[in-house]
$ cat input14.csv   # CSV, C-alpha atoms and all ligand atoms
chain,number,residue,atom,x,y,z
A,60,MET,CA,45.5,-98.3,-123.4
A,61,ASN,CA,48.5,-99.6,-125.4
A,62,SER,CA,50.0,-103.0,-125.6
A,63,GLU,CA,52.9,-101.9,-123.4
A,64,PHE,CA,50.6,-102.0,-120.4
A,65,PHE,CA,49.7,-105.6,-121.0
A,66,ASP,CA,53.4,-106.5,-121.6
A,67,MET,CA,54.2,-104.9,-118.3
A,68,ILE,CA,51.6,-106.9,-116.4
A,69,LYS,CA,52.7,-110.1,-118.2
A,70,ASN,CA,56.3,-109.5,-117.3
A,71,ALA,CA,55.4,-108.6,-113.7
A,72,ASN,CA,53.4,-111.9,-113.4
A,73,GLU,CA,56.3,-113.9,-114.8
A,74,VAL,CA,58.8,-112.3,-112.4
A,75,THR,CA,56.4,-112.9,-109.5
A,76,LEU,CA,55.9,-116.6,-110.3
A,77,LYS,CA,59.6,-117.1,-110.8
A,78,ASN,CA,60.6,-115.4,-107.5
A,79,HIS,CA,57.7,-116.2,-105.2
A,80,GLY,CA,55.9,-119.2,-106.6
A,81,ASP,CA,52.1,-119.4,-106.9
A,82,GLU,CA,50.9,-119.0,-103.3
A,83,VAL,CA,48.9,-116.0,-102.4
A,84,THR,CA,48.2,-115.1,-98.7
A,85,LEU,CA,45.3,-113.6,-97.0
A,86,GLU,CA,46.6,-110.9,-94.6
A,87,ARG,CA,44.9,-109.8,-91.5
A,88,ALA,CA,46.0,-106.7,-89.6
A,89,ILE,CA,45.3,-107.1,-85.9
A,90,PHE,CA,44.2,-103.8,-84.3
A,91,LEU,CA,45.3,-103.2,-80.7
A,92,SER,CA,43.3,-100.0,-80.0
A,93,TRP,CA,40.9,-97.5,-81.5
A,94,TRP,CA,42.9,-94.7,-79.9
A,95,CYS,CA,45.6,-92.6,-81.6
A,96,ASP,CA,47.3,-89.8,-79.8
A,97,LYS,CA,48.3,-88.1,-83.0
A,98,GLY,CA,44.9,-88.4,-84.6
A,99,ASP,CA,45.5,-85.9,-87.4
A,100,CYS,CA,46.1,-87.9,-90.6
A,101,ALA,CA,43.6,-86.4,-93.0
A,102,PHE,CA,42.3,-89.8,-94.4
A,103,CYS,CA,42.2,-91.7,-91.2
A,104,TYR,CA,39.1,-93.0,-89.4
A,105,MET,CA,40.9,-92.7,-86.1
A,106,SER,CA,41.3,-89.0,-86.7
A,107,THR,CA,37.5,-88.7,-86.6
A,108,GLN,CA,37.4,-90.6,-83.3
A,109,LYS,CA,40.0,-88.7,-81.2
A,110,ASP,CA,37.6,-86.1,-79.8
A,111,LYS,CA,35.0,-88.8,-79.1
A,112,ILE,CA,37.2,-90.9,-76.9
A,113,LYS,CA,37.3,-89.6,-73.4
A,114,ASP,CA,39.5,-92.4,-71.9
A,115,PRO,CA,42.1,-93.8,-74.3
A,116,LYS,CA,42.6,-96.8,-72.1
A,117,LYS,CA,39.0,-97.9,-72.7
A,118,ALA,CA,39.7,-97.8,-76.5
A,119,ARG,CA,42.2,-100.6,-76.1
A,120,ARG,CA,41.1,-104.1,-77.1
A,121,ASN,CA,40.9,-106.8,-74.5
A,122,VAL,CA,44.2,-108.8,-75.0
A,123,SER,CA,42.3,-112.2,-74.8
A,124,ASN,CA,40.3,-111.0,-77.8
A,125,ILE,CA,43.5,-110.2,-79.6
A,126,TYR,CA,44.9,-113.6,-78.8
A,127,ALA,CA,41.7,-115.3,-79.9
A,128,GLU,CA,41.9,-113.5,-83.2
A,129,ALA,CA,45.5,-114.8,-83.6
A,130,GLU,CA,44.3,-118.3,-82.9
A,131,MET,CA,41.6,-118.0,-85.5
A,132,CYS,CA,44.1,-116.8,-88.0
A,133,ARG,CA,46.2,-119.8,-87.3
A,134,ARG,CA,43.2,-122.2,-87.8
A,135,LEU,CA,42.2,-120.6,-91.1
A,136,GLY,CA,45.7,-120.2,-92.5
A,137,TRP,CA,45.6,-116.4,-92.6
A,138,ASN,CA,48.8,-114.4,-92.1
A,139,ILE,CA,49.0,-111.7,-89.5
A,140,GLU,CA,49.9,-108.7,-91.6
A,141,PHE,CA,51.0,-106.7,-88.5
A,142,LEU,CA,49.9,-105.6,-85.1
A,143,SER,CA,48.6,-102.1,-85.6
A,144,GLY,CA,47.5,-99.5,-83.1
A,145,GLY,CA,47.4,-95.8,-82.9
A,146,TYR,CA,50.0,-93.8,-81.1
A,147,LYS,CA,50.3,-94.2,-77.4
A,148,SER,CA,47.7,-96.8,-77.0
A,149,PHE,CA,50.1,-99.5,-75.6
A,150,THR,CA,53.6,-99.2,-74.1
A,151,THR,CA,56.6,-100.9,-75.8
A,152,SER,CA,56.8,-103.6,-73.1
A,153,GLU,CA,53.0,-104.3,-73.5
A,154,ILE,CA,53.4,-104.6,-77.3
A,155,LYS,CA,56.4,-106.9,-76.8
A,156,GLU,CA,54.3,-109.1,-74.5
A,157,ILE,CA,51.4,-109.3,-76.9
A,158,ALA,CA,53.8,-110.1,-79.8
A,159,SER,CA,55.5,-112.8,-77.8
A,160,THR,CA,52.2,-114.4,-77.0
A,161,ILE,CA,51.0,-114.2,-80.6
A,162,LYS,CA,54.3,-115.8,-81.7
A,163,ASN,CA,53.6,-118.7,-79.3
A,164,ILE,CA,50.1,-119.1,-80.8
A,165,THR,CA,51.0,-118.9,-84.5
A,166,GLY,CA,54.6,-120.0,-84.5
A,167,ASP,CA,55.6,-117.0,-86.5
A,168,GLY,CA,57.3,-113.7,-85.5
A,169,VAL,CA,55.1,-110.6,-85.7
A,170,TRP,CA,55.3,-107.5,-87.8
A,171,LEU,CA,54.6,-104.2,-86.1
A,172,ASN,CA,52.9,-101.1,-87.4
A,173,THR,CA,52.6,-99.3,-84.1
A,174,GLY,CA,54.1,-95.9,-85.0
A,175,ILE,CA,57.4,-94.1,-84.9
A,176,THR,CA,59.4,-95.2,-81.9
A,177,ASP,CA,63.0,-94.9,-80.6
A,178,GLU,CA,62.5,-98.0,-78.4
A,179,LEU,CA,63.0,-100.7,-81.0
A,180,SER,CA,66.0,-102.1,-79.2
A,181,GLU,CA,63.6,-103.4,-76.5
A,182,TYR,CA,62.2,-105.9,-79.0
A,183,GLY,CA,63.7,-109.3,-79.8
A,184,SER,CA,62.9,-112.5,-81.7
A,185,GLU,CA,59.1,-112.1,-81.2
A,186,ILE,CA,59.3,-109.3,-83.9
A,187,THR,CA,60.0,-110.1,-87.5
A,188,GLY,CA,59.8,-106.6,-88.9
A,189,ILE,CA,58.9,-103.0,-88.5
A,190,THR,CA,56.5,-101.1,-90.7
A,191,GLY,CA,56.9,-97.4,-91.5
A,192,ALA,CA,53.6,-95.7,-92.3
A,193,VAL,CA,54.8,-93.6,-95.2
A,194,GLU,CA,51.2,-93.5,-96.4
A,195,VAL,CA,51.6,-91.0,-99.2
A,196,ALA,CA,53.7,-91.6,-102.4
A,197,ASN,CA,54.5,-88.0,-102.6
A,198,PRO,CA,56.6,-86.3,-99.9
A,199,GLU,CA,55.0,-82.8,-100.2
A,200,ILE,CA,51.5,-84.2,-100.0
A,201,HIS,CA,52.6,-86.4,-97.1
A,202,ASN,CA,53.5,-83.4,-95.0
A,203,ASN,CA,50.0,-82.0,-95.4
A,204,VAL,CA,48.2,-85.3,-95.1
A,205,CYS,CA,50.2,-86.7,-92.1
A,206,PRO,CA,51.5,-83.6,-90.4
A,207,SER,CA,52.6,-85.4,-87.3
A,208,LYS,CA,54.4,-88.3,-88.9
A,209,SER,CA,57.7,-86.9,-90.2
A,210,LEU,CA,59.2,-88.8,-93.1
A,211,GLU,CA,62.6,-88.2,-91.7
A,212,ASP,CA,61.6,-89.9,-88.4
A,213,ILE,CA,60.1,-92.8,-90.2
A,214,GLY,CA,63.2,-93.3,-92.4
A,215,HIS,CA,65.4,-93.1,-89.3
A,216,MET,CA,63.3,-95.7,-87.5
A,217,LEU,CA,63.5,-98.0,-90.5
A,218,ASP,CA,67.2,-97.7,-90.7
A,219,THR,CA,67.5,-98.4,-87.0
A,220,ALA,CA,65.2,-101.4,-87.5
A,221,GLY,CA,67.6,-102.7,-90.2
A,222,ASP,CA,70.6,-102.2,-87.9
A,223,LEU,CA,68.9,-104.2,-85.2
A,224,GLY,CA,68.3,-107.1,-87.7
A,225,PHE,CA,64.5,-106.6,-88.2
A,226,LYS,CA,62.9,-106.6,-91.7
A,227,LYS,CA,61.4,-103.4,-93.0
A,228,ALA,CA,58.1,-102.6,-94.5
A,229,ILE,CA,56.3,-99.4,-95.7
A,230,THR,CA,52.6,-98.7,-96.2
A,231,ILE,CA,51.4,-96.6,-99.1
A,232,ILE,CA,47.8,-95.5,-99.7
A,233,LEU,CA,47.0,-94.8,-103.3
A,234,GLY,CA,44.4,-92.2,-104.1
A,235,LEU,CA,45.6,-89.4,-101.8
A,236,GLY,CA,46.6,-87.1,-104.7
A,237,GLU,CA,49.8,-88.8,-105.9
A,238,THR,CA,50.3,-89.6,-109.6
A,239,LEU,CA,52.2,-92.2,-111.6
A,240,ASP,CA,55.1,-89.8,-111.6
A,241,ASP,CA,55.5,-90.5,-107.9
A,242,VAL,CA,56.3,-94.2,-108.4
A,243,ASP,CA,59.9,-93.1,-108.9
A,244,TYR,CA,59.9,-91.6,-105.4
A,245,VAL,CA,58.6,-94.9,-104.0
A,246,ILE,CA,61.3,-96.8,-105.9
A,247,ASP,CA,64.0,-94.5,-104.5
A,248,TYR,CA,62.5,-94.8,-101.0
A,249,ILE,CA,62.6,-98.6,-101.2
A,250,LYS,CA,66.2,-98.5,-102.4
A,251,GLU,CA,67.4,-96.0,-99.8
A,252,HIS,CA,65.9,-97.9,-96.8
A,253,ASP,CA,66.4,-101.4,-98.2
A,254,ILE,CA,62.7,-102.2,-97.8
A,255,ASP,CA,61.6,-105.9,-97.7
A,256,ARG,CA,57.9,-105.5,-98.0
A,257,VAL,CA,55.5,-102.9,-99.5
A,258,ILE,CA,51.9,-102.7,-98.5
A,259,PHE,CA,49.6,-100.8,-100.8
A,260,TYR,CA,46.1,-99.8,-99.9
A,261,SER,CA,43.6,-97.9,-102.0
A,262,LEU,CA,41.8,-95.0,-100.4
A,263,ASN,CA,38.7,-95.9,-98.5
A,264,SER,CA,37.1,-92.6,-98.0
A,265,HIS,CA,35.7,-92.1,-94.5
A,266,LYS,CA,32.8,-89.8,-93.7
A,267,GLU,CA,33.9,-86.7,-91.7
A,268,THR,CA,37.3,-86.6,-93.5
A,269,ILE,CA,38.4,-84.4,-96.4
A,270,TYR,CA,38.4,-87.4,-98.7
A,271,ALA,CA,34.7,-88.3,-97.9
A,272,ASP,CA,33.6,-87.7,-101.6
A,273,LYS,CA,36.8,-88.9,-103.3
A,274,SER,CA,36.6,-92.0,-105.4
A,275,GLN,CA,39.0,-94.9,-105.0
A,276,PRO,CA,41.8,-95.1,-107.6
A,277,ALA,CA,41.1,-97.0,-110.8
A,278,SER,CA,42.0,-100.7,-110.9
A,279,LEU,CA,44.4,-100.3,-113.8
A,280,TYR,CA,46.2,-97.4,-112.2
A,281,TYR,CA,46.7,-99.5,-109.0
A,282,ALA,CA,47.9,-102.3,-111.2
A,283,GLU,CA,50.4,-100.1,-113.0
A,284,VAL,CA,51.9,-98.9,-109.7
A,285,VAL,CA,52.2,-102.4,-108.4
A,286,SER,CA,53.7,-103.9,-111.5
A,287,ARG,CA,56.3,-101.2,-111.8
A,288,ILE,CA,57.4,-101.9,-108.2
A,289,ARG,CA,57.4,-105.6,-108.9
A,290,LEU,CA,59.6,-105.3,-112.0
A,291,GLU,CA,62.0,-103.0,-110.2
A,292,PHE,CA,62.2,-105.3,-107.2
A,293,PRO,CA,61.6,-108.9,-108.2
A,294,GLU,CA,62.2,-110.2,-104.6
A,295,ILE,CA,60.3,-107.8,-102.6
A,296,GLU,CA,57.1,-108.9,-100.8
A,297,ILE,CA,54.0,-106.9,-102.0
A,298,ILE,CA,50.7,-106.9,-100.3
A,299,CYS,CA,47.7,-105.2,-101.8
A,300,GLY,CA,44.7,-104.0,-99.9
A,301,THR,CA,41.3,-103.9,-101.6
A,302,TRP,CA,37.9,-103.3,-100.2
A,303,ILE,CA,34.8,-105.5,-100.3
A,304,ASP,CA,33.3,-103.2,-102.9
A,305,ASN,CA,36.4,-103.7,-105.2
A,306,LEU,CA,36.9,-107.4,-105.2
A,307,ALA,CA,37.4,-107.3,-109.0
A,308,ASN,CA,40.7,-105.6,-108.4
A,309,ILE,CA,42.2,-108.7,-106.9
A,310,GLY,CA,42.9,-110.7,-110.1
A,311,ILE,CA,44.8,-107.9,-111.8
A,312,LEU,CA,46.7,-107.0,-108.7
A,313,ILE,CA,47.9,-110.5,-108.3
A,314,LEU,CA,49.0,-110.6,-111.9
A,315,SER,CA,50.8,-107.3,-111.3
A,316,GLY,CA,52.8,-108.8,-108.5
A,317,ALA,CA,50.8,-109.0,-105.2
A,318,ASN,CA,51.9,-111.8,-102.9
A,319,GLY,CA,49.2,-111.2,-100.4
A,320,ILE,CA,45.8,-109.5,-100.3
A,321,THR,CA,44.4,-107.6,-97.4
A,322,LYS,CA,41.9,-105.1,-95.9
A,323,PHE,CA,38.8,-107.3,-95.9
A,324,PRO,CA,36.4,-107.8,-93.0
A,325,LEU,CA,37.6,-111.4,-93.0
A,326,PHE,CA,35.3,-113.0,-90.4
A,327,LYS,CA,32.3,-111.1,-91.8
A,328,MET,CA,33.0,-112.2,-95.3
A,329,PHE,CA,34.0,-115.8,-94.4
A,330,ALA,CA,32.1,-118.5,-96.4
A,331,THR,CA,29.8,-115.9,-98.0
A,332,LYS,CA,29.6,-115.1,-101.7
A,333,TYR,CA,32.2,-112.4,-101.1
A,334,GLY,CA,34.7,-114.8,-99.5
A,335,VAL,CA,34.2,-117.3,-102.3
A,336,ARG,CA,34.6,-114.5,-104.8
A,337,VAL,CA,38.1,-113.7,-103.3
A,338,GLU,CA,39.0,-117.4,-103.7
A,339,GLU,CA,37.7,-117.3,-107.3
A,340,GLU,CA,39.8,-114.2,-108.1
A,341,VAL,CA,42.9,-115.9,-106.8
A,342,LYS,CA,42.2,-119.1,-108.8
A,343,TRP,CA,41.6,-117.2,-112.0
A,344,ALA,CA,44.9,-115.4,-111.5
A,345,GLY,CA,46.5,-118.8,-111.6
A,346,ARG,CA,47.4,-118.9,-107.9
A,347,ARG,CA,46.8,-121.0,-104.9
A,348,LEU,CA,45.4,-119.4,-101.8
A,349,LYS,CA,47.2,-120.2,-98.6
A,350,GLY,CA,44.5,-121.0,-96.0
A,351,THR,CA,40.8,-120.7,-96.7
A,352,PHE,CA,38.1,-118.1,-97.0
A,353,SER,CA,35.2,-120.6,-97.2
A,354,ASP,CA,36.0,-124.0,-95.5
A,355,LYS,CA,33.8,-124.0,-92.4
A,356,SER,CA,35.5,-127.2,-91.1
A,357,ARG,CA,38.6,-125.1,-90.5
A,358,LEU,CA,36.9,-122.9,-88.0
A,359,GLY,CA,37.3,-125.7,-85.5
A,360,GLU,CA,35.9,-126.2,-82.0
A,361,PRO,CA,34.4,-123.3,-80.0
A,362,LYS,CA,37.0,-123.8,-77.4
A,363,SER,CA,40.5,-122.3,-77.4
A,364,GLU,CA,43.5,-124.6,-77.8
A,365,VAL,CA,45.6,-121.9,-76.1
A,366,SER,CA,43.8,-120.8,-72.9
A,367,PRO,CA,40.2,-121.0,-71.5
A,368,ASP,CA,40.4,-117.2,-71.2
A,369,LEU,CA,40.0,-117.1,-75.0
A,370,ASP,CA,37.0,-119.4,-75.2
A,371,LYS,CA,34.3,-116.8,-75.3
A,372,PHE,CA,36.1,-114.8,-78.0
A,373,ILE,CA,36.8,-117.9,-80.1
A,374,LYS,CA,33.1,-118.7,-79.8
A,375,ARG,CA,32.2,-115.2,-80.9
A,376,TYR,CA,34.6,-115.4,-84.0
A,377,ILE,CA,33.1,-118.7,-85.1
A,378,LYS,CA,29.6,-117.4,-84.7
A,379,GLU,CA,30.5,-114.3,-86.7
A,380,SER,CA,32.1,-116.4,-89.4
A,381,LEU,CA,29.0,-118.6,-89.7
A,382,LYS,CA,26.5,-115.7,-89.7
A,383,ASN,CA,26.0,-114.8,-93.3
A,384,LYS,CA,25.5,-111.0,-93.1
A,385,TYR,CA,25.1,-110.6,-96.8
A,401,LIG,S1,49.0,-91.9,-86.9
A,401,LIG,FE1,48.0,-93.7,-87.9
A,401,LIG,S2,46.2,-94.1,-86.5
A,401,LIG,FE2,47.0,-92.1,-86.0
A,401,LIG,S3,45.7,-90.7,-87.3
A,401,LIG,FE3,47.6,-91.1,-88.5
A,401,LIG,S4,47.0,-92.9,-89.8
A,401,LIG,FE4,45.5,-92.7,-88.2
$ encode --input "input14.csv" --output "structure tokens"
Amino acid sequence: MNSEFFDMIKNANEVTLKNHGDEVTLERAIFLSWWCDKGDCAFCYMSTQKDKIKDPKKARRNVSNIYAEAEMCRRLGWNIEFLSGGYKSFTTSEIKEIASTIKNITGDGVWLNTGITDELSEYGSEITGITGAVEVANPEIHNNVCPSKSLEDIGHMLDTAGDLGFKKAITIILGLGETLDDVDYVIDYIKEHDIDRVIFYSLNSHKETIYADKSQPASLYYAEVVSRIRLEFPEIEIICGTWIDNLANIGILILSGANGITKFPLFKMFATKYGVRVEEEVKWAGRRLKGTFSDKSRLGEPKSEVSPDLDKFIKRYIKESLKNKY
């Protein structure tokens, strides 16, 4: 490791503070369904479930539960990263309805990560932005790992999203076989499609996939990728996913340029030693956390402020948040 690496992180940190201030967000992806009609991305948990789900409609979450989750996010100050669901689990008009209701609950427009679609023009002000699941930072590997998600179609969808006035995001999972040489490809992709937000994840190897025995990428490798993107794009929003077994990544990823952190089981970790550890990581990176990962008073009353239909789900989220599973 040479001093250039530390200089790069130091510069990325300064650029981030200058352009984004010192707030770090906790991001929560809200899942709509456990069904995905494509179901063939080599790393994906959903790909292991496709054959087990007999009736895709039953894999859809109850919408009241989704709204209760949004209400809890508002109470705790967590951002909704996006609505996410496998292919063909909800129709466009159903997604629009869910997004509108969530916008009424949180006050913020919603990002979508619900697959490649040519129906974007049906959406309106309830949607802030569209996410393209690029997933792999190397186009050749992408075609093997995500055979049904053509990069061309994703790029076309993002360009259409831009024409319609939506913001644009991409997701990239590190650890799928890419190398640091592929950062240039990501940089070009961001430029070509005028991307506003990049969401990085690190591989979480699921049993029954070809990655089952593969390790997660090293923290300093992850940091180098993020800091190179930050230095190239000072104003872009960067969100970094890290798993509960990798909380020590958080500090260095924030210094490298992350504006938000994601991919935790938020309710399960809330107010436990792990939730507090996330807050400590943010603090030691010299940042302020938006919202809380430990303040039980923010959980609020076990009744919904939105609709009595959500009461039982709100109650369940609060119970889960107070039950220290660790
Ligand atoms: S399209 Fe998305 S949900 Fe479906 S298998 Fe691929 S990564 Fe998983």
$ atom_distance --input "input14.csv" --atom1 "atom CA of A:Thr301" --atom2 "atom CA of A:Phe323"
7.1 Å
$ residues_around --input "input14.csv" --residues "stretch 241-255 of chain A" --least-positions-apart "3" --cutoff "8 Å" --atoms "only C-alpha atoms" --output "list in words"
Ala196, Asn197, Gly214, Leu217, Asp218, Lys226, Lys227, Ala228, Ile229, Glu237, Thr238, Val284, Arg287, Ile288, Glu291, Ile295 and Glu296 of chain A
$ closest_residue --input "input14.csv" --among "A:Asn203, A:Arg347, A:Ser143, A:Asp212" --to "A:Thr176" --atoms "all atoms listed in the file"
A:Asp212
$ residues_around --input "input14.csv" --residues "stretch 86-102 of chain A" --least-positions-apart "5" --cutoff "8 Å" --atoms "all atoms listed in the file" --output "PyMOL selection string"
chain A and resi 107-109+112+115+118-120+125+128+132+137-149+204-207+262+264-265+268-270+319-323+325
$ closest_residue --input "input14.csv" --among "A:Glu294, A:Glu194, A:Glu82, A:Asp167" --to "ligand LIG 401 (chain A)" --atoms "only C-alpha atoms and all ligand atoms"
A:Glu194
$ residues_around --input "input14.csv" --residues "A:Glu185" --least-positions-apart "6" --cutoff "8 Å" --atoms "all atoms listed in the file" --output "VMD selection string"
chain A and resid 155 158 to 159 162 168 to 169
$ write_last_selection --input "input14.csv" --atoms "C-alpha atoms" --output "CSV table (one decimal), in the coordinates of the input"
chain,number,residue,atom,x,y,z
A,155,LYS,CA,56.4,-106.9,-76.8
A,158,ALA,CA,53.8,-110.1,-79.8
A,159,SER,CA,55.5,-112.8,-77.8
A,162,LYS,CA,54.3,-115.8,-81.7
A,168,GLY,CA,57.3,-113.7,-85.5
A,169,VAL,CA,55.1,-110.6,-85.7
$ closest_residue --input "input14.csv" --among "A:Ala277, A:Ala71, A:Ile161, A:Ala192" --to "ligand LIG 401 (chain A)" --atoms "only C-alpha atoms and all ligand atoms"
A:Ala192
$ residues_around --input "input14.csv" --residues "A:Lys378" --least-positions-apart "6" --cutoff "10 Å" --atoms "only C-alpha atoms" --output "PyMOL selection string"
chain A and resi 326-327+358+361+372
$ closest_residue --input "input14.csv" --among "A:Thr150, A:Asn172, A:Ser315, A:Thr75" --to "ligand LIG 401 (chain A)" --atoms "all atoms listed in the file"
A:Asn172
$ atom_distance --input "input14.csv" --atom1 "atom CA of A:Ala344" --atom2 "atom CA of A:Trp170"
27.1 Å
$ closest_residue --input "input14.csv" --among "A:Trp343, A:Leu235, A:Met105, A:Ser261" --to "A:Glu199" --atoms "only C-alpha atoms"
A:Leu235
$ closest_residue --input "input14.csv" --among "A:Asp110, A:Asp81, A:Asp240, A:Asp177" --to "ligand LIG 401 (chain A)" --atoms "only C-alpha atoms and all ligand atoms"
A:Asp110
$ atom_distance --input "input14.csv" --atom1 "atom CA of A:Asp368" --atom2 "atom CA of A:Asn121"
10.9 Å
